[in-house]
>>> print(open('protein_29.cif').read())   # mmCIF, C-alpha atoms; chains and numbers go by the auth columns
data_my_file
loop_
_atom_site.group_PDB
_atom_site.id
_atom_site.type_symbol
_atom_site.label_atom_id
_atom_site.label_comp_id
_atom_site.label_asym_id
_atom_site.label_seq_id
_atom_site.Cartn_x
_atom_site.Cartn_y
_atom_site.Cartn_z
_atom_site.B_iso_or_equiv
_atom_site.auth_seq_id
_atom_site.auth_asym_id
ATOM 1 C CA MET A 1 -22.073 26.835 -41.934 0.00 1 W
ATOM 2 C CA ASP A 2 -21.681 25.841 -45.546 0.00 2 W
ATOM 3 C CA ILE A 3 -18.613 27.941 -46.353 0.00 3 W
ATOM 4 C CA ASP A 4 -17.990 25.916 -49.529 0.00 4 W
ATOM 5 C CA LYS A 5 -20.959 27.662 -51.149 0.00 5 W
ATOM 6 C CA PRO A 6 -20.759 31.387 -50.467 0.00 6 W
ATOM 7 C CA PHE A 7 -23.829 33.483 -51.119 0.00 7 W
ATOM 8 C CA VAL A 8 -23.684 35.622 -54.259 0.00 8 W
ATOM 9 C CA ALA A 9 -25.224 38.972 -55.107 0.00 9 W
ATOM 10 C CA LYS A 10 -28.398 38.910 -57.142 0.00 10 W
ATOM 11 C CA ARG A 11 -30.901 41.225 -58.752 0.00 11 W
ATOM 12 C CA VAL A 12 -34.584 40.288 -58.670 0.00 12 W
ATOM 13 C CA PRO A 13 -36.927 42.117 -61.070 0.00 13 W
ATOM 14 C CA ILE A 14 -40.095 43.092 -59.226 0.00 14 W
ATOM 15 C CA HIS A 15 -42.442 42.126 -62.060 0.00 15 W
ATOM 16 C CA SER A 16 -41.250 38.553 -62.576 0.00 16 W
ATOM 17 C CA ALA A 17 -41.889 34.938 -61.627 0.00 17 W
ATOM 18 C CA GLU A 18 -38.763 35.106 -59.450 0.00 18 W
ATOM 19 C CA TRP A 19 -40.296 38.023 -57.518 0.00 19 W
ATOM 20 C CA ASP A 20 -43.544 36.071 -57.062 0.00 20 W
ATOM 21 C CA ALA A 21 -41.495 33.253 -55.489 0.00 21 W
ATOM 22 C CA VAL A 22 -39.762 35.782 -53.190 0.00 22 W
ATOM 23 C CA VAL A 23 -43.160 37.069 -52.054 0.00 23 W
ATOM 24 C CA GLY A 24 -44.219 33.525 -51.154 0.00 24 W
ATOM 25 C CA ILE A 25 -41.016 32.941 -49.177 0.00 25 W
ATOM 26 C CA THR A 26 -41.461 36.297 -47.427 0.00 26 W
ATOM 27 C CA LYS A 27 -45.017 35.404 -46.369 0.00 27 W
ATOM 28 C CA ARG A 28 -43.694 32.128 -44.934 0.00 28 W
ATOM 29 C CA ALA A 29 -40.947 34.000 -43.032 0.00 29 W
ATOM 30 C CA MET A 30 -43.421 36.526 -41.635 0.00 30 W
ATOM 31 C CA ARG A 31 -45.730 33.715 -40.458 0.00 31 W
ATOM 32 C CA LEU A 32 -42.861 31.884 -38.736 0.00 32 W
ATOM 33 C CA THR A 33 -41.432 35.020 -37.103 0.00 33 W
ATOM 34 C CA ALA A 34 -44.905 35.957 -35.836 0.00 34 W
ATOM 35 C CA GLU A 35 -45.108 32.494 -34.256 0.00 35 W
ATOM 36 C CA LEU A 36 -41.597 32.840 -32.822 0.00 36 W
ATOM 37 C CA ASN A 37 -42.483 36.239 -31.358 0.00 37 W
ATOM 38 C CA THR A 38 -45.279 34.757 -29.239 0.00 38 W
ATOM 39 C CA LEU A 39 -42.673 32.815 -27.257 0.00 39 W
ATOM 40 C CA SER A 40 -41.052 33.782 -23.984 0.00 40 W
ATOM 41 C CA PHE A 41 -37.297 34.363 -23.831 0.00 41 W
ATOM 42 C CA ASP A 42 -36.939 31.229 -21.707 0.00 42 W
ATOM 43 C CA ASP A 43 -38.639 28.899 -24.221 0.00 43 W
ATOM 44 C CA VAL A 44 -35.209 28.264 -25.760 0.00 44 W
ATOM 45 C CA ALA A 45 -35.958 24.869 -27.336 0.00 45 W
ATOM 46 C CA LYS A 46 -39.086 26.109 -29.135 0.00 46 W
ATOM 47 C CA VAL A 47 -37.257 29.264 -30.320 0.00 47 W
ATOM 48 C CA ARG A 48 -34.515 27.057 -31.806 0.00 48 W
ATOM 49 C CA GLU A 49 -37.116 24.779 -33.411 0.00 49 W
ATOM 50 C CA ILE A 50 -38.953 27.638 -35.157 0.00 50 W
ATOM 51 C CA PHE A 51 -35.709 29.402 -36.115 0.00 51 W
ATOM 52 C CA SER A 52 -34.454 26.132 -37.646 0.00 52 W
ATOM 53 C CA GLU A 53 -37.676 25.863 -39.642 0.00 53 W
ATOM 54 C CA LEU A 54 -37.309 29.507 -40.738 0.00 54 W
ATOM 55 C CA THR A 55 -33.768 28.987 -42.030 0.00 55 W
ATOM 56 C CA GLY A 56 -34.281 25.457 -43.335 0.00 56 W
ATOM 57 C CA ARG A 57 -31.208 24.422 -41.287 0.00 57 W
ATOM 58 C CA LYS A 58 -31.043 23.011 -37.780 0.00 58 W
ATOM 59 C CA VAL A 59 -29.342 25.512 -35.514 0.00 59 W
ATOM 60 C CA ASP A 60 -26.869 24.332 -32.908 0.00 60 W
ATOM 61 C CA ASP A 61 -28.053 23.713 -29.346 0.00 61 W
ATOM 62 C CA THR A 62 -25.814 26.589 -28.246 0.00 62 W
ATOM 63 C CA PHE A 63 -27.773 29.138 -30.348 0.00 63 W
ATOM 64 C CA THR A 64 -29.731 31.716 -28.324 0.00 64 W
ATOM 65 C CA LEU A 65 -32.252 34.236 -29.630 0.00 65 W
ATOM 66 C CA ILE A 66 -34.415 36.497 -27.486 0.00 66 W
ATOM 67 C CA PRO A 67 -37.706 37.401 -29.217 0.00 67 W
ATOM 68 C CA PRO A 68 -39.029 39.485 -30.766 0.00 68 W
ATOM 69 C CA PHE A 69 -37.130 38.911 -33.991 0.00 69 W
ATOM 70 C CA TYR A 70 -37.961 40.083 -37.519 0.00 70 W
ATOM 71 C CA CYS A 71 -37.074 38.507 -40.832 0.00 71 W
ATOM 72 C CA ALA A 72 -38.272 38.922 -44.407 0.00 72 W
ATOM 73 C CA TYR A 73 -36.841 35.812 -46.086 0.00 73 W
ATOM 74 C CA GLY A 74 -35.251 33.317 -43.694 0.00 74 W
ATOM 75 C CA LEU A 75 -33.899 30.696 -46.053 0.00 75 W
ATOM 76 C CA ASP A 76 -30.585 32.491 -46.641 0.00 76 W
ATOM 77 C CA ILE A 77 -29.401 32.683 -43.014 0.00 77 W
ATOM 78 C CA ARG A 78 -26.564 30.456 -41.813 0.00 78 W
ATOM 79 C CA ILE A 79 -25.730 30.445 -38.102 0.00 79 W
ATOM 80 C CA GLY A 80 -22.643 29.027 -36.371 0.00 80 W
ATOM 81 C CA GLN A 81 -22.238 27.751 -32.817 0.00 81 W
ATOM 82 C CA ARG A 82 -22.631 29.813 -29.641 0.00 82 W
ATOM 83 C CA VAL A 83 -24.371 32.660 -31.488 0.00 83 W
ATOM 84 C CA PHE A 84 -26.455 35.066 -29.397 0.00 84 W
ATOM 85 C CA ILE A 85 -29.071 37.385 -30.931 0.00 85 W
ATOM 86 C CA ASN A 86 -30.730 39.850 -28.565 0.00 86 W
ATOM 87 C CA GLN A 87 -34.286 41.165 -28.849 0.00 87 W
ATOM 88 C CA CYS A 88 -35.755 43.329 -31.629 0.00 88 W
ATOM 89 C CA CYS A 89 -33.191 42.360 -34.284 0.00 89 W
ATOM 90 C CA THR A 90 -34.042 42.378 -37.989 0.00 90 W
ATOM 91 C CA LEU A 91 -32.375 40.188 -40.639 0.00 91 W
ATOM 92 C CA TYR A 92 -33.312 40.811 -44.271 0.00 92 W
ATOM 93 C CA ASP A 93 -31.376 37.921 -45.721 0.00 93 W
ATOM 94 C CA MET A 94 -32.394 37.554 -49.390 0.00 94 W
ATOM 95 C CA GLY A 95 -28.748 38.207 -50.307 0.00 95 W
ATOM 96 C CA GLY A 96 -27.493 35.737 -47.707 0.00 96 W
ATOM 97 C CA VAL A 97 -26.283 36.245 -44.143 0.00 97 W
ATOM 98 C CA ASP A 98 -23.459 34.098 -42.757 0.00 98 W
ATOM 99 C CA ILE A 99 -23.003 34.437 -38.994 0.00 99 W
ATOM 100 C CA ALA A 100 -19.955 32.515 -37.740 0.00 100 W
ATOM 101 C CA ASP A 101 -19.278 30.960 -34.322 0.00 101 W
ATOM 102 C CA ARG A 102 -19.368 32.962 -31.099 0.00 102 W
ATOM 103 C CA VAL A 103 -21.007 36.067 -32.587 0.00 103 W
ATOM 104 C CA MET A 104 -22.961 38.364 -30.244 0.00 104 W
ATOM 105 C CA ILE A 105 -25.649 40.602 -31.713 0.00 105 W
ATOM 106 C CA GLY A 106 -27.089 43.292 -29.458 0.00 106 W
ATOM 107 C CA PRO A 107 -30.683 44.547 -29.320 0.00 107 W
ATOM 108 C CA ASN A 108 -32.217 46.516 -32.189 0.00 108 W
ATOM 109 C CA VAL A 109 -29.544 45.507 -34.720 0.00 109 W
ATOM 110 C CA ASN A 110 -30.432 45.580 -38.426 0.00 110 W
ATOM 111 C CA ILE A 111 -28.674 43.257 -40.868 0.00 111 W
ATOM 112 C CA ILE A 112 -30.040 44.197 -44.290 0.00 112 W
ATOM 113 C CA THR A 113 -28.857 42.545 -47.525 0.00 113 W
ATOM 114 C CA THR A 114 -31.414 44.136 -49.861 0.00 114 W
ATOM 115 C CA SER A 115 -31.761 47.584 -51.389 0.00 115 W
ATOM 116 C CA HIS A 116 -33.272 49.429 -54.341 0.00 116 W
ATOM 117 C CA PRO A 117 -31.516 51.456 -57.041 0.00 117 W
ATOM 118 C CA LEU A 118 -31.126 55.142 -56.235 0.00 118 W
ATOM 119 C CA GLU A 119 -32.344 56.316 -59.654 0.00 119 W
ATOM 120 C CA LEU A 120 -36.042 57.144 -59.521 0.00 120 W
ATOM 121 C CA SER A 121 -36.703 55.555 -62.920 0.00 121 W
ATOM 122 C CA ARG A 122 -35.352 52.169 -61.705 0.00 122 W
ATOM 123 C CA ARG A 123 -36.233 52.271 -58.007 0.00 123 W
ATOM 124 C CA ARG A 124 -39.348 50.103 -58.346 0.00 124 W
ATOM 125 C CA ALA A 125 -37.924 47.913 -61.114 0.00 125 W
ATOM 126 C CA TYR A 126 -35.860 45.500 -59.032 0.00 126 W
ATOM 127 C CA VAL A 127 -34.328 44.652 -55.689 0.00 127 W
ATOM 128 C CA GLU A 128 -30.601 44.107 -55.308 0.00 128 W
ATOM 129 C CA ALA A 129 -29.409 41.644 -52.686 0.00 129 W
ATOM 130 C CA ARG A 130 -25.769 41.374 -51.595 0.00 130 W
ATOM 131 C CA PRO A 131 -24.427 38.966 -48.976 0.00 131 W
ATOM 132 C CA ILE A 132 -23.264 39.873 -45.493 0.00 132 W
ATOM 133 C CA VAL A 133 -20.577 37.853 -43.707 0.00 133 W
ATOM 134 C CA ILE A 134 -20.022 38.169 -39.979 0.00 134 W
ATOM 135 C CA GLU A 135 -16.878 36.285 -39.003 0.00 135 W
ATOM 136 C CA LYS A 136 -16.010 34.535 -35.704 0.00 136 W
ATOM 137 C CA ASN A 137 -16.079 36.315 -32.337 0.00 137 W
ATOM 138 C CA VAL A 138 -17.715 39.510 -33.622 0.00 138 W
ATOM 139 C CA TRP A 139 -19.777 41.704 -31.298 0.00 139 W
ATOM 140 C CA ILE A 140 -22.363 43.932 -32.970 0.00 140 W
ATOM 141 C CA ALA A 141 -23.553 46.424 -30.351 0.00 141 W
ATOM 142 C CA THR A 142 -27.039 47.816 -29.884 0.00 142 W
ATOM 143 C CA GLY A 143 -28.718 49.690 -32.699 0.00 143 W
ATOM 144 C CA ALA A 144 -26.034 49.008 -35.320 0.00 144 W
ATOM 145 C CA THR A 145 -26.949 48.525 -38.992 0.00 145 W
ATOM 146 C CA ILE A 146 -24.993 46.320 -41.411 0.00 146 W
ATOM 147 C CA ILE A 147 -25.623 46.943 -45.126 0.00 147 W
ATOM 148 C CA GLY A 148 -25.427 44.326 -47.919 0.00 148 W
ATOM 149 C CA GLY A 149 -22.062 43.480 -49.433 0.00 149 W
ATOM 150 C CA VAL A 150 -20.150 43.854 -46.159 0.00 150 W
ATOM 151 C CA THR A 151 -17.852 41.480 -44.279 0.00 151 W
ATOM 152 C CA VAL A 152 -17.240 42.127 -40.586 0.00 152 W
ATOM 153 C CA GLY A 153 -13.834 40.621 -39.819 0.00 153 W
ATOM 154 C CA GLU A 154 -13.012 38.136 -37.085 0.00 154 W
ATOM 155 C CA ASN A 155 -12.838 39.422 -33.480 0.00 155 W
ATOM 156 C CA SER A 156 -14.144 42.877 -34.428 0.00 156 W
ATOM 157 C CA VAL A 157 -16.648 45.117 -32.666 0.00 157 W
ATOM 158 C CA VAL A 158 -19.287 47.232 -34.392 0.00 158 W
ATOM 159 C CA ALA A 159 -20.096 50.067 -31.986 0.00 159 W
ATOM 160 C CA ALA A 160 -23.590 51.020 -30.878 0.00 160 W
ATOM 161 C CA GLY A 161 -25.493 52.927 -33.555 0.00 161 W
ATOM 162 C CA ALA A 162 -22.860 52.400 -36.259 0.00 162 W
ATOM 163 C CA VAL A 163 -23.936 52.070 -39.899 0.00 163 W
ATOM 164 C CA VAL A 164 -21.547 49.671 -41.624 0.00 164 W
ATOM 165 C CA THR A 165 -21.364 50.261 -45.384 0.00 165 W
ATOM 166 C CA LYS A 166 -17.834 48.900 -46.005 0.00 166 W
ATOM 167 C CA ASP A 167 -15.864 45.887 -44.814 0.00 167 W
ATOM 168 C CA VAL A 168 -14.571 45.957 -41.250 0.00 168 W
ATOM 169 C CA PRO A 169 -11.070 44.450 -40.972 0.00 169 W
ATOM 170 C CA PRO A 170 -10.402 41.732 -38.385 0.00 170 W
ATOM 171 C CA ASN A 171 -9.506 42.789 -34.841 0.00 171 W
ATOM 172 C CA SER A 172 -10.868 46.313 -35.064 0.00 172 W
ATOM 173 C CA VAL A 173 -13.586 48.588 -33.720 0.00 173 W
ATOM 174 C CA ALA A 174 -15.824 50.337 -36.248 0.00 174 W
ATOM 175 C CA ALA A 175 -18.025 53.246 -35.165 0.00 175 W
ATOM 176 C CA GLY A 176 -19.998 56.140 -36.628 0.00 176 W
ATOM 177 C CA VAL A 177 -22.262 56.918 -39.557 0.00 177 W
ATOM 178 C CA PRO A 178 -20.957 55.755 -41.916 0.00 178 W
ATOM 179 C CA ALA A 179 -18.806 53.464 -39.788 0.00 179 W
ATOM 180 C CA ARG A 180 -15.036 53.722 -39.925 0.00 180 W
ATOM 181 C CA VAL A 181 -12.318 51.913 -38.016 0.00 181 W
ATOM 182 C CA ILE A 182 -11.482 53.877 -34.869 0.00 182 W
ATOM 183 C CA ARG A 183 -9.255 51.410 -33.050 0.00 183 W
ATOM 184 C CA SER A 184 -7.307 48.189 -33.400 0.00 184 W
ATOM 185 C CA LEU A 185 -8.000 45.277 -31.094 0.00 185 W
ATOM 186 C CA GLU A 186 -4.671 43.557 -31.773 0.00 186 W
ATOM 187 C CA GLU A 187 -3.433 42.280 -28.422 0.00 187 W
ATOM 188 C CA ASN A 188 0.252 42.339 -29.405 0.00 188 W
ATOM 189 C CA PRO A 189 0.605 44.804 -32.275 0.00 189 W
ATOM 190 C CA GLY A 190 4.044 44.634 -33.860 0.00 190 W
ATOM 191 C CA ALA A 191 5.096 41.664 -31.736 0.00 191 W
#
>>> encode(input="protein_29.cif", output="structure tokens")
Amino acid sequence: MDIDKPFVAKRVPIHSAEWDAVVGITKRAMRLTAELNTLSFDDVAKVREIFSELTGRKVDDTFTLIPPFYCAYGLDIRIGQRVFINQCCTLYDMGGVDIADRVMIGPNVNIITTSHPLELSRRRAYVEARPIVIEKNVWIATGATIIGGVTVGENSVVAAGAVVTKDVPPNSVAAGVPARVIRSLEENPGA
């Protein structure tokens, strides 16, 4: 991962040349994910090849993804070593998604960096994209959703069905809607 250049939040006006470029990149991502989703779970080399093309970065030979997989941008995903992504996951990465080493992502997880303004008068004016960082050794359980602007700290667990709207500290379990820390995973607290 290129940690020297962190992703930054951005706002893309919908009626602009920048938006037109985003639409082109999105069409490319949808074409590549459709191709990826025709593959069997055991066609690991071809999955890695297409995923590398999608992200514009060669993924490590230890990367595993079980199709189907959904993505609406692709070029702002960075993946570490020994990352596992289970089936039916969605990454909307226009704001940037950094997934560190040894991360496990369960089925039906949504990692969404983009959103619209809440105000009706501005809702169709632009898209806001904020980065998501998932640090080393994180497990994101089935059906969880991670919202833009969040960092999930090293060694943490995001419980099944959780909706993460705020940072999760390292070595903790976050659960609920919205997610909150419910337990520490420190092996020797106070030692």
>>> closest_atom_pairs(input="protein_29.cif", of="segment 95-179 of chain W", to="segment 59-68 of chain W", cutoff="10 Å", atoms="only C-alpha atoms", output="CSV")
residue,atom,partner,partner_atom,distance
W:Asp101,CA,W:Phe63,CA,9.6
W:Arg102,CA,W:Phe63,CA,9.3
W:Val103,CA,W:Phe63,CA,9.9
W:Met104,CA,W:Thr64,CA,9.7
W:Ile105,CA,W:Leu65,CA,9.4
W:Pro107,CA,W:Ile66,CA,9.1
W:Asn108,CA,W:Pro68,CA,9.9
>>> write_last_selection(input="protein_29.cif", atoms="C-alpha atoms", output="short mmCIF file (atom, residue, chain, number, x, y, z; two decimals), in the coordinates of the input")
data_model
loop_
_atom_site.label_atom_id
_atom_site.label_comp_id
_atom_site.auth_asym_id
_atom_site.auth_seq_id
_atom_site.Cartn_x
_atom_site.Cartn_y
_atom_site.Cartn_z
CA ASP W 101 -19.28 30.96 -34.32
CA ARG W 102 -19.37 32.96 -31.10
CA VAL W 103 -21.01 36.07 -32.59
CA MET W 104 -22.96 38.36 -30.24
CA ILE W 105 -25.65 40.60 -31.71
CA PRO W 107 -30.68 44.55 -29.32
CA ASN W 108 -32.22 46.52 -32.19
#
>>> closest_residue(input="protein_29.cif", among="W:Val44, W:Val133, W:Ala29, W:Leu120", to="Arg78 of chain W", atoms="only C-alpha atoms")
W:Val133
>>> residues_around(input="protein_29.cif", residues="Val177 of chain W", least_positions_apart="3", cutoff="12 Å", atoms="all atoms listed in the file", output="PyMOL selection string")
chain W and resi 143-147+158-166+174+180-181
>>> atom_distance(input="protein_29.cif", atom1="atom CA of Thr26 of chain W", atom2="atom CA of Ile77 of chain W")
13.3 Å
>>> atom_distance(input="protein_29.cif", atom1="atom CA of Ile140 of chain W", atom2="atom CA of Ile112 of chain W")
13.7 Å
>>> atom_distance(input="protein_29.cif", atom1="atom CA of Ile134 of chain W", atom2="atom CA of Val152 of chain W")
4.9 Å
>>> residues_around(input="protein_29.cif", residues="Leu118 of chain W", least_positions_apart="5", cutoff="12 Å", atoms="all atoms listed in the file", output="ChimeraX atom specification")
/W:123-128
>>> axis_aligned_box(input="protein_29.cif", around="segment 141-159 of chain W", padding_each_side="5 Å", output="AutoDock Vina command-line options")
--center_x -20.8 --center_y 44.1 --center_z -39.7 --size_x 25.9 --size_y 21.9 --size_z 29.5
>>> residues_around(input="protein_29.cif", residues="Leu185 of chain W", least_positions_apart="6", cutoff="12 Å", atoms="all atoms listed in the file", output="list of chain:residue names")
W:Val138, W:Gly153, W:Glu154, W:Asn155, W:Ser156, W:Val157, W:Val158, W:Pro169, W:Pro170, W:Asn171, W:Ser172, W:Val173, W:Ala174
>>> residues_around(input="protein_29.cif", residues="Met30 of chain W", least_positions_apart="6", cutoff="8 Å", atoms="all atoms listed in the file", output="JSON, numbers by chain")
{"W": [70, 71, 72, 73]}
>>> resolve_selection(input="protein_29.cif", expression="the PyMOL selection byres ((chain W and resi 91-93) around 8)", output="list of chain:residue names")
W:Tyr70, W:Cys71, W:Ala72, W:Tyr73, W:Gly74, W:Leu75, W:Asp76, W:Ile77, W:Cys89, W:Thr90, W:Met94, W:Gly95, W:Gly96, W:Val97, W:Asn110, W:Ile111, W:Ile112, W:Thr113, W:Thr114, W:Pro131
>>> closest_residue(input="protein_29.cif", among="W:Val109, W:Thr33, W:Phe7, W:Ala175", to="Arg48 of chain W", atoms="only C-alpha atoms")
W:Thr33
>>> closest_residue(input="protein_29.cif", among="W:His116, W:Lys136, W:Arg183, W:Lys46", to="Val12 of chain W", atoms="only C-alpha atoms")
W:His116
>>> residues_around(input="protein_29.cif", residues="Ala100 of chain W", least_positions_apart="4", cutoff="8 Å", atoms="all atoms listed in the file", output="PyMOL selection string")
chain W and resi 1+79-81+83+134-137
